[in-house]
Amino acid sequence: MLNKTFEPAETEKKLYELWESEKAFSANPQSGKKSFTIMIPPPNVTGTLHMGHALTMTLQDTLVRWKRMQGFDTLWQPGTDHAGIATQMVVERALAAENTTRQDLGREAFVQRVWKWKEESGGGITRQLRRLGASLDWPRERFTMDEGLSRAVKEVFVTLYKEGLIYRDRRLVNWDPMFRSAISDLEVESKDVAGKLWYIRYPVEGKPGETITVATTRPETMLGDVAVAVHPEDERYAALVGQSVRLPLTGRLIPIVADLHSDPEKGTGAVKITPAHDFNDFEVGRRHDLPMLSILDEQARVVLDEIEDELSSVDGLADPAFVRSLAGVSREEARKSIVAELERLEWLEKIEPHRHQVPHAERGGAVIEPRLTTQWYCDAGKLAGPAIEAVTSGKISFVPKQWENTFFAWMRDIQPWCISRQLWWGHRIPAWYGPDGHVFVAHDEADAQKQADAHYGKTETLSQDEDVLDTWFSSGLWPFSTLGWPDKTPELARYYPTDVLVTGFDIIFFWVARMIMMGEHFMHDVPFRDIFIHGLVRDERGQKMSKSKGNGIDPLELIDAYGADAMRFTICALTGIGRDVKLGRKKVEDYRAFVTKIWNAARFCEMNGVKAQDGFDPLSVTSPLGKWIIAEASMAIQDATKALESYRFDEYALACYRFIWNRFCDWFLEFAKPVFASDDAAEAAEIRAVAAYVLGIILRLLQPVMPFVTDELWTEFGFGKQGSLISEAWPEPVVLTGAEAAQAECDHIIRLISEIRTVRAEMNVPPSQKAPVFLQDAAPETVERAERWQEAIGRMARVSHVAPQQGDVPRGSAQAVVDEATLIIPLEGLIDITAEQERLKKELAKADDEIAKTEKKLGNENFVSRAKPEIVQEMRDRLEAQQGESVRLKAALARIA
């Protein structure tokens, strides 16, 4: 016998361990089946399961489990990313707690320490994915720095270098002064900061007393200014273009140039140009062939090496001694000193408060410094062409399709990809330098030495590049490096290209685009056919989850509280095409009630003798009730299958929910109660068999999203051994003779009972009071149906009897229409009709008053423009609910008018 309640904690652990021990998740390249492959977006080895992971992993697992049931040889490739900067930060923090640093250890010892950390603590995220129920092929787990993937990384680097697609260049990068490394755009978080706008006067050379005022948020970088830019159509400065100004503090002579970068509407319309410390200024500098002077070092401290020779003493303008006093000072301290000096020399015109976006390192929180450095670059522009063509031609499809526009916008304006990082943890760049700086790119040091010997004609000592590769470089190879490339493995031939990538929109450029570029270049084919882009997980109010807001939810806590099945189903139910997922504990709690509903329905079936029956043929069913529920189940199968085929996870969940709760539980089992208890043994046996058959369909339909509770019930009802549901066949719809007539009959009775229940609820008829129902203008078939279903109608709608209406309609009757018939429900003696009318009128007046108030607020443009969007949407939703309530109350009044 089933327990009274389902206990997820007891089931989940034992069932998952059973699946894993029996290799239920494993791909089988020799199976001969058609393959279906998904590559996991590898979580950081430092990571812990968050709601974003729970979302994407649940959706992927739902697809994989569904395809496995459809008979595919499924590979869901697991693995983790070495996460260069994140992992190095974790280990460095541990070292700091020991009062030591990586520099104290040295590179080799530090890297060994990271490997040790990875072995001891790096498996947390994979253990948590098991808690979620993720059916990954764990024996195939890969790590972006394991031996095979490292070989693939070297092969790609060497090949692209030989093809001229990897090179060194001096350009601006996002620089983290705390880690002293370049970082990717994805690791940069812009924060809205309350700052200042400093207006500084630059004296025009040769025109005593004339100045041009620039507005800047970064006065400390003016030491590296090389020009002042104005818009070419700005008449205020037309006469100054081509002339020069003296740079306050340094005395350097710099030109005034015309460039579209300057916005006449912002500040003064004149901007200082510091190419080595601003991305926009860098492009201006290149357009006008301006020098690029770096005045901040790797720790964002002032350095004067590049400007020392230009310092000059000009009365009231420049003092070399002051500038030299800034050497080694932090950018923050330099700002204070420079502003004070400008004020003293009267070159500071004014200061205004100014809110602006300031880039910060996502990890560590340091303010990012645009810095001019020599780095390794990949020619992303040339690699982008085939990737763009792959999407344009339809070889790859985005779901939803509008994300293609985002992809094209990024790819058609793609910049050189900085692939080097100044870290110790990661794929070390396979490049070695000779004593004269000549570079030798090779698979290993021995190969590099051979190249050097041939180049120099003798043996010279080489030193390997100190940098490591951007983690996106190795993860961009993930779809084929995990399958054994560069070797021609059976897995590579069978599982590449993969079928679908499930991921968030935030990494379309950083990861998705790179995989397409690398796949096209090295595999000469796309890495996946479909890209399903899901939204973000937000709280119930639509706000982004964050630690600072305190609105984040730990998925493991939800699993502990409600079970993995409830959380997984909630995620599917809320994941629509092209929209974010608004999730809160209450919604998971609500869907746990669905798990409970299924469990209770199964217990009811068990208590009424329902159990699996071998050889049951649904086509042999004769009763209208049996045919109806089998036809309904077939429609649910069709709806669920169609939804999953189009990545409509919400429609899949809705199809399951609607059929199970509304059809099977609320109606079929209620209709079946008297049959189970009847003396008609043949009919009872048939309905028990039908109930078992449909319950089996339900468990298979739900298995992809609710793997634990469904498997437990599958075993308990004797459908198969424990753990076997995962490999059962996806249900197929059947077509029954006479199904349409059975559906018409049962659906009519459902509408009739529902309408009677609605009237009774609206009129506040006590549940203990039964009332007759008379049918007016009913067709003979309708009357016959009502007579056949007298017991169910009486029990489920609290009706004493159903009969055709004879004569006049009794006074105080409520009326409702079902199909062609009018239902007459006498209420006199059951309720105080006058009092009930007064109650409904009062409720209607209150509802209409609330509607008027809400409409007035929403009609206030000032309020709507200033209120938060989620507040406005809440009010619109409330208005819709109020209007619905008003309609309901008017209808209720009309029934007894």
# chains A, B, ... in the order shown; residues from 1 in each chain; ligands from 1
call {"tool": "residues_around", "arguments": {"residues": "A:Thr715", "least_positions_apart": "4", "cutoff": "12 Å", "atoms": "only C-alpha atoms", "output": "compact mmCIF listing (two decimals) with all heavy atoms, in the first residue's frame"}}
result
# COMPACT_ATOMS: atom_id res chain seq x y z
N MET A 1 0.84 -1.21 0.00
CA MET A 1 0.00 0.00 0.00
C MET A 1 0.87 1.25 0.00
O MET A 1 1.91 1.30 0.63
CB MET A 1 -0.90 0.02 1.24
CG MET A 1 -2.12 -0.87 1.13
SD MET A 1 -3.33 -0.25 -0.06
CE MET A 1 -3.90 1.23 0.77
N LEU A 2 0.40 2.24 -0.74
CA LEU A 2 1.10 3.52 -0.75
C LEU A 2 1.00 4.19 0.60
O LEU A 2 -0.02 4.07 1.29
CB LEU A 2 0.49 4.45 -1.80
CG LEU A 2 0.74 4.12 -3.28
CD1 LEU A 2 -0.12 5.03 -4.15
CD2 LEU A 2 2.20 4.30 -3.62
N THR A 11 12.63 9.26 -1.32
CA THR A 11 12.62 8.68 -2.67
C THR A 11 13.78 9.17 -3.53
O THR A 11 14.41 8.38 -4.24
CB THR A 11 11.28 9.01 -3.37
OG1 THR A 11 10.21 8.52 -2.58
CG2 THR A 11 11.23 8.42 -4.77
N LEU A 15 16.49 6.66 -5.41
CA LEU A 15 16.16 6.46 -6.82
C LEU A 15 17.29 6.96 -7.72
O LEU A 15 17.67 6.30 -8.69
CB LEU A 15 14.85 7.18 -7.15
CG LEU A 15 14.18 6.84 -8.48
CD1 LEU A 15 14.05 5.34 -8.67
CD2 LEU A 15 12.79 7.49 -8.54
N ALA A 602 -3.63 8.33 -7.03
CA ALA A 602 -3.09 6.98 -7.14
C ALA A 602 -3.51 6.12 -5.95
O ALA A 602 -3.87 4.94 -6.10
CB ALA A 602 -1.56 7.05 -7.24
N LYS A 611 -4.83 -1.77 -10.58
CA LYS A 611 -3.41 -2.17 -10.68
C LYS A 611 -3.09 -2.46 -12.13
O LYS A 611 -3.99 -2.64 -12.98
CB LYS A 611 -3.13 -3.38 -9.80
CG LYS A 611 -3.98 -4.59 -10.10
CD LYS A 611 -3.72 -5.69 -9.09
CE LYS A 611 -4.65 -6.89 -9.33
NZ LYS A 611 -4.41 -7.97 -8.34
N ALA A 612 -1.80 -2.50 -12.43
CA ALA A 612 -1.37 -2.71 -13.82
C ALA A 612 -1.91 -4.03 -14.34
O ALA A 612 -1.93 -5.04 -13.63
CB ALA A 612 0.16 -2.71 -13.89
N GLY A 696 -1.01 4.82 -16.12
CA GLY A 696 0.29 4.54 -16.75
C GLY A 696 0.68 5.63 -17.74
O GLY A 696 1.86 6.01 -17.83
N LEU A 699 1.83 8.77 -15.75
CA LEU A 699 3.18 8.64 -15.19
C LEU A 699 4.24 8.79 -16.27
O LEU A 699 5.29 9.39 -16.04
CB LEU A 699 3.31 7.29 -14.47
CG LEU A 699 2.35 7.08 -13.28
CD1 LEU A 699 2.58 5.72 -12.65
CD2 LEU A 699 2.52 8.19 -12.25
N PHE A 708 10.75 11.60 -10.04
CA PHE A 708 10.80 10.82 -8.79
C PHE A 708 9.45 10.26 -8.39
O PHE A 708 9.30 9.06 -8.21
CB PHE A 708 11.38 11.70 -7.67
CG PHE A 708 12.80 12.12 -7.91
CD1 PHE A 708 13.11 13.43 -8.25
CD2 PHE A 708 13.84 11.20 -7.82
CE1 PHE A 708 14.42 13.82 -8.48
CE2 PHE A 708 15.15 11.59 -8.05
CZ PHE A 708 15.45 12.90 -8.37
N VAL A 709 8.44 11.12 -8.27
CA VAL A 709 7.13 10.63 -7.83
C VAL A 709 6.55 9.68 -8.87
O VAL A 709 5.89 8.69 -8.51
CB VAL A 709 6.17 11.80 -7.55
CG1 VAL A 709 5.79 12.56 -8.83
CG2 VAL A 709 4.92 11.31 -6.84
N THR A 710 6.80 9.94 -10.14
CA THR A 710 6.24 9.07 -11.18
C THR A 710 6.87 7.68 -11.14
O THR A 710 6.17 6.67 -11.30
CB THR A 710 6.43 9.69 -12.57
OG1 THR A 710 7.81 10.01 -12.75
CG2 THR A 710 5.58 10.93 -12.74
N ASP A 711 8.17 7.60 -10.91
CA ASP A 711 8.83 6.29 -10.85
C ASP A 711 8.37 5.51 -9.62
O ASP A 711 8.16 4.29 -9.68
CB ASP A 711 10.35 6.46 -10.83
CG ASP A 711 11.06 5.16 -11.14
OD1 ASP A 711 11.05 4.26 -10.27
OD2 ASP A 711 11.62 5.01 -12.25
N PHE A 719 3.75 -1.59 -12.75
CA PHE A 719 4.02 -1.37 -14.17
C PHE A 719 5.44 -1.83 -14.55
O PHE A 719 5.70 -2.16 -15.69
CB PHE A 719 3.87 0.11 -14.52
CG PHE A 719 2.45 0.61 -14.45
CD1 PHE A 719 2.07 1.51 -13.46
CD2 PHE A 719 1.49 0.19 -15.37
CE1 PHE A 719 0.76 1.99 -13.40
CE2 PHE A 719 0.19 0.67 -15.31
CZ PHE A 719 -0.18 1.56 -14.31
N GLY A 720 6.33 -1.79 -13.59
CA GLY A 720 7.72 -2.18 -13.86
C GLY A 720 8.53 -2.09 -12.58
O GLY A 720 8.05 -1.62 -11.55
N LYS A 721 9.77 -2.55 -12.65
CA LYS A 721 10.61 -2.53 -11.46
C LYS A 721 11.06 -1.10 -11.15
O LYS A 721 10.97 -0.20 -12.00
CB LYS A 721 11.83 -3.43 -11.65
CG LYS A 721 12.82 -2.93 -12.68
CD LYS A 721 14.07 -3.81 -12.70
CE LYS A 721 15.13 -3.20 -13.66
NZ LYS A 721 16.38 -3.95 -13.64
N GLN A 722 11.55 -0.93 -9.93
CA GLN A 722 11.97 0.41 -9.50
C GLN A 722 13.09 0.93 -10.40
O GLN A 722 14.03 0.22 -10.74
CB GLN A 722 12.46 0.38 -8.05
CG GLN A 722 12.68 1.78 -7.48
CD GLN A 722 12.85 1.74 -5.98
OE1 GLN A 722 13.70 1.02 -5.47
NE2 GLN A 722 12.06 2.54 -5.26
N GLY A 723 12.95 2.19 -10.80
CA GLY A 723 13.96 2.81 -11.65
C GLY A 723 13.76 2.58 -13.13
O GLY A 723 14.53 3.10 -13.94
N SER A 724 12.73 1.84 -13.51
CA SER A 724 12.57 1.44 -14.91
C SER A 724 11.79 2.44 -15.76
O SER A 724 11.86 2.41 -16.99
CB SER A 724 11.89 0.08 -15.01
OG SER A 724 10.55 0.15 -14.53
N LEU A 725 11.03 3.34 -15.11
CA LEU A 725 10.17 4.25 -15.88
C LEU A 725 10.99 5.12 -16.83
O LEU A 725 10.52 5.49 -17.91
CB LEU A 725 9.34 5.11 -14.93
CG LEU A 725 8.41 6.15 -15.57
CD1 LEU A 725 7.46 5.50 -16.56
CD2 LEU A 725 7.64 6.91 -14.49
N ILE A 726 12.22 5.44 -16.45
CA ILE A 726 13.06 6.33 -17.26
C ILE A 726 13.27 5.79 -18.67
O ILE A 726 13.46 6.55 -19.62
CB ILE A 726 14.43 6.55 -16.56
CG1 ILE A 726 15.23 7.65 -17.26
CG2 ILE A 726 15.23 5.26 -16.48
CD1 ILE A 726 16.48 8.04 -16.51
call {"tool": "residues_around", "arguments": {"residues": "A:Met875", "least_positions_apart": "4", "cutoff": "9 Å", "atoms": "only C-alpha atoms", "output": "PyMOL selection string"}}
result
chain A and resi 854+857-858+870-871+879-880
call {"tool": "residues_around", "arguments": {"residues": "stretch 227-241 of chain A", "least_positions_apart": "2", "cutoff": "8 Å", "atoms": "only C-alpha atoms", "output": "PDB file with N, CA, C and O atoms, in the first residue's frame"}}
result
ATOM      1  N   VAL A 214      36.417  71.654 -21.183  1.00  0.00           N
ATOM      2  CA  VAL A 214      36.002  70.257 -21.356  1.00  0.00           C
ATOM      3  C   VAL A 214      35.353  69.784 -20.053  1.00  0.00           C
ATOM      4  O   VAL A 214      35.703  70.256 -18.970  1.00  0.00           O
ATOM      5  N   ASP A 225      46.133  63.046 -21.735  1.00  0.00           N
ATOM      6  CA  ASP A 225      45.388  63.671 -22.833  1.00  0.00           C
ATOM      7  C   ASP A 225      46.312  63.951 -24.023  1.00  0.00           C
ATOM      8  O   ASP A 225      47.432  64.438 -23.848  1.00  0.00           O
ATOM      9  N   GLN A 243      43.627  74.117 -34.347  1.00  0.00           N
ATOM     10  CA  GLN A 243      44.522  74.836 -33.437  1.00  0.00           C
ATOM     11  C   GLN A 243      44.908  73.924 -32.269  1.00  0.00           C
ATOM     12  O   GLN A 243      44.495  72.772 -32.214  1.00  0.00           O
ATOM     13  N   SER A 244      45.668  74.450 -31.336  1.00  0.00           N
ATOM     14  CA  SER A 244      46.164  73.641 -30.223  1.00  0.00           C
ATOM     15  C   SER A 244      45.867  74.305 -28.894  1.00  0.00           C
ATOM     16  O   SER A 244      45.606  75.508 -28.816  1.00  0.00           O
ATOM     17  N   ILE A 254      48.579  70.124 -27.333  1.00  0.00           N
ATOM     18  CA  ILE A 254      47.739  69.092 -27.959  1.00  0.00           C
ATOM     19  C   ILE A 254      46.750  69.745 -28.913  1.00  0.00           C
ATOM     20  O   ILE A 254      46.318  70.884 -28.697  1.00  0.00           O
ATOM     21  N   PRO A 255      46.389  69.053 -30.006  1.00  0.00           N
ATOM     22  CA  PRO A 255      45.524  69.652 -31.027  1.00  0.00           C
ATOM     23  C   PRO A 255      44.036  69.602 -30.664  1.00  0.00           C
ATOM     24  O   PRO A 255      43.596  68.785 -29.855  1.00  0.00           O
ATOM     25  N   ILE A 256      43.286  70.484 -31.310  1.00  0.00           N
ATOM     26  CA  ILE A 256      41.819  70.414 -31.269  1.00  0.00           C
ATOM     27  C   ILE A 256      41.385  69.764 -32.576  1.00  0.00           C
ATOM     28  O   ILE A 256      41.699  70.259 -33.662  1.00  0.00           O
ATOM     29  N   VAL A 257      40.701  68.621 -32.463  1.00  0.00           N
ATOM     30  CA  VAL A 257      40.314  67.871 -33.653  1.00  0.00           C
ATOM     31  C   VAL A 257      38.796  67.822 -33.763  1.00  0.00           C
ATOM     32  O   VAL A 257      38.073  67.935 -32.763  1.00  0.00           O
ATOM     33  N   ALA A 258      38.305  67.656 -34.982  1.00  0.00           N
ATOM     34  CA  ALA A 258      36.863  67.493 -35.223  1.00  0.00           C
ATOM     35  C   ALA A 258      36.555  66.013 -35.350  1.00  0.00           C
ATOM     36  O   ALA A 258      37.171  65.310 -36.155  1.00  0.00           O
ATOM     37  N   ASP A 259      35.612  65.520 -34.530  1.00  0.00           N
ATOM     38  CA  ASP A 259      35.292  64.095 -34.551  1.00  0.00           C
ATOM     39  C   ASP A 259      33.846  63.901 -34.105  1.00  0.00           C
ATOM     40  O   ASP A 259      33.368  64.587 -33.192  1.00  0.00           O
ATOM     41  N   LEU A 260      33.171  62.949 -34.745  1.00  0.00           N
ATOM     42  CA  LEU A 260      31.755  62.688 -34.441  1.00  0.00           C
ATOM     43  C   LEU A 260      31.548  62.156 -33.032  1.00  0.00           C
ATOM     44  O   LEU A 260      30.418  62.136 -32.526  1.00  0.00           O
ATOM     45  N   HIS A 261      32.618  61.699 -32.404  1.00  0.00           N
ATOM     46  CA  HIS A 261      32.491  61.175 -31.036  1.00  0.00           C
ATOM     47  C   HIS A 261      31.979  62.247 -30.077  1.00  0.00           C
ATOM     48  O   HIS A 261      31.239  61.969 -29.132  1.00  0.00           O
ATOM     49  N   SER A 262      32.351  63.482 -30.304  1.00  0.00           N
ATOM     50  CA  SER A 262      31.928  64.562 -29.416  1.00  0.00           C
ATOM     51  C   SER A 262      30.448  64.865 -29.629  1.00  0.00           C
ATOM     52  O   SER A 262      29.987  65.035 -30.748  1.00  0.00           O
ATOM     53  N   ASP A 263      29.714  64.911 -28.522  1.00  0.00           N
ATOM     54  CA  ASP A 263      28.271  65.170 -28.577  1.00  0.00           C
ATOM     55  C   ASP A 263      28.002  66.612 -28.156  1.00  0.00           C
ATOM     56  O   ASP A 263      28.215  66.980 -26.994  1.00  0.00           O
ATOM     57  N   PRO A 264      27.525  67.462 -29.067  1.00  0.00           N
ATOM     58  CA  PRO A 264      27.273  68.876 -28.731  1.00  0.00           C
ATOM     59  C   PRO A 264      26.258  69.056 -27.603  1.00  0.00           C
ATOM     60  O   PRO A 264      26.232  70.104 -26.961  1.00  0.00           O
ATOM     61  N   GLY A 269      30.275  70.069 -25.004  1.00  0.00           N
ATOM     62  CA  GLY A 269      30.422  69.728 -26.420  1.00  0.00           C
ATOM     63  C   GLY A 269      31.872  69.490 -26.803  1.00  0.00           C
ATOM     64  O   GLY A 269      32.147  69.038 -27.908  1.00  0.00           O
ATOM     65  N   ALA A 270      32.789  69.785 -25.885  1.00  0.00           N
ATOM     66  CA  ALA A 270      34.219  69.524 -26.119  1.00  0.00           C
ATOM     67  C   ALA A 270      34.673  68.460 -25.133  1.00  0.00           C
ATOM     68  O   ALA A 270      34.342  68.523 -23.945  1.00  0.00           O
ATOM     69  N   VAL A 271      35.388  67.462 -25.620  1.00  0.00           N
ATOM     70  CA  VAL A 271      35.832  66.365 -24.751  1.00  0.00           C
ATOM     71  C   VAL A 271      37.334  66.179 -24.866  1.00  0.00           C
ATOM     72  O   VAL A 271      37.925  66.357 -25.934  1.00  0.00           O
ATOM     73  N   LYS A 272      37.941  65.815 -23.746  1.00  0.00           N
ATOM     74  CA  LYS A 272      39.367  65.516 -23.769  1.00  0.00           C
ATOM     75  C   LYS A 272      39.566  64.095 -24.300  1.00  0.00           C
ATOM     76  O   LYS A 272      38.729  63.206 -24.055  1.00  0.00           O
ATOM     77  N   ILE A 273      40.620  63.849 -25.017  1.00  0.00           N
ATOM     78  CA  ILE A 273      40.876  62.547 -25.640  1.00  0.00           C
ATOM     79  C   ILE A 273      42.102  61.908 -24.990  1.00  0.00           C
ATOM     80  O   ILE A 273      43.212  62.436 -25.060  1.00  0.00           O
ATOM     81  N   THR A 274      41.854  60.779 -24.338  1.00  0.00           N
ATOM     82  CA  THR A 274      42.910  60.027 -23.653  1.00  0.00           C
ATOM     83  C   THR A 274      42.875  58.606 -24.194  1.00  0.00           C
ATOM     84  O   THR A 274      42.291  57.705 -23.584  1.00  0.00           O
ATOM     85  N   LEU A 290      46.740  59.755 -33.301  1.00  0.00           N
ATOM     86  CA  LEU A 290      47.219  60.439 -32.104  1.00  0.00           C
ATOM     87  C   LEU A 290      48.096  59.507 -31.270  1.00  0.00           C
ATOM     88  O   LEU A 290      47.909  58.286 -31.290  1.00  0.00           O
TER      89      LEU A 290
END
call {"tool": "atom_distance", "arguments": {"atom1": "atom CA of A:Ala361", "atom2": "atom CA of A:Glu187"}}
result
6.1 Å
call {"tool": "atom_distance", "arguments": {"atom1": "atom CA of A:Ile351", "atom2": "atom CA of A:Trp198"}}
result
4.7 Å
call {"tool": "atom_distance", "arguments": {"atom1": "atom CA of A:Gln776", "atom2": "atom CA of A:Asp819"}}
result
11.3 Å
call {"tool": "residues_around", "arguments": {"residues": "stretch 629-632 of chain A", "least_positions_apart": "4", "cutoff": "10 Å", "atoms": "only C-alpha atoms", "output": "count of residues only"}}
result
30
call {"tool": "residues_around", "arguments": {"residues": "A:Ala300", "least_positions_apart": "2", "cutoff": "8 Å", "atoms": "only C-alpha atoms", "output": "VMD selection string"}}
result
chain A and resid 177 296 to 298 302 330 to 331 369
call {"tool": "write_last_selection", "arguments": {"atoms": "N, CA, C and O atoms", "output": "mmCIF file, in the first residue's frame"}}
result
data_model
loop_
_atom_site.group_PDB
_atom_site.id
_atom_site.type_symbol
_atom_site.label_atom_id
_atom_site.label_comp_id
_atom_site.auth_asym_id
_atom_site.auth_seq_id
_atom_site.Cartn_x
_atom_site.Cartn_y
_atom_site.Cartn_z
ATOM 1 N N PRO A 177 42.479 45.943 -11.952
ATOM 2 C CA PRO A 177 43.717 46.290 -11.248
ATOM 3 C C PRO A 177 43.952 45.481 -9.977
ATOM 4 O O PRO A 177 45.062 45.491 -9.445
ATOM 5 N N LEU A 296 48.707 55.071 -16.140
ATOM 6 C CA LEU A 296 48.356 54.227 -14.999
ATOM 7 C C LEU A 296 48.963 52.852 -15.203
ATOM 8 O O LEU A 296 48.914 52.300 -16.308
ATOM 9 N N ASP A 297 49.509 52.254 -14.142
ATOM 10 C CA ASP A 297 50.135 50.947 -14.273
ATOM 11 C C ASP A 297 49.122 49.834 -14.038
ATOM 12 O O ASP A 297 47.912 50.082 -13.947
ATOM 13 N N GLU A 298 49.603 48.604 -13.891
ATOM 14 C CA GLU A 298 48.717 47.441 -13.778
ATOM 15 C C GLU A 298 47.882 47.456 -12.501
ATOM 16 O O GLU A 298 46.879 46.767 -12.398
ATOM 17 N N VAL A 302 49.631 55.886 -10.723
ATOM 18 C CA VAL A 302 50.191 56.810 -11.705
ATOM 19 C C VAL A 302 51.632 56.429 -12.053
ATOM 20 O O VAL A 302 52.452 56.171 -11.165
ATOM 21 N N SER A 330 47.699 56.168 -6.188
ATOM 22 C CA SER A 330 46.520 55.513 -6.761
ATOM 23 C C SER A 330 45.709 56.506 -7.578
ATOM 24 O O SER A 330 45.797 57.725 -7.364
ATOM 25 N N ARG A 331 44.888 55.990 -8.482
ATOM 26 C CA ARG A 331 44.094 56.876 -9.338
ATOM 27 C C ARG A 331 43.124 57.719 -8.510
ATOM 28 O O ARG A 331 42.837 58.863 -8.859
ATOM 29 N N GLU A 369 39.604 49.390 -15.277
ATOM 30 C CA GLU A 369 40.391 50.441 -15.929
ATOM 31 C C GLU A 369 40.631 50.057 -17.388
ATOM 32 O O GLU A 369 41.240 49.020 -17.654
#
call {"tool": "residues_around", "arguments": {"residues": "A:Ala803", "least_positions_apart": "4", "cutoff": "7 Å", "atoms": "only C-alpha atoms", "output": "ChimeraX atom specification"}}
result
/A:773-775
call {"tool": "closest_residue", "arguments": {"among": "A:Ala446, A:Thr503, A:Val226, A:Arg335", "to": "A:Pro43", "atoms": "only C-alpha atoms"}}
result
A:Thr503
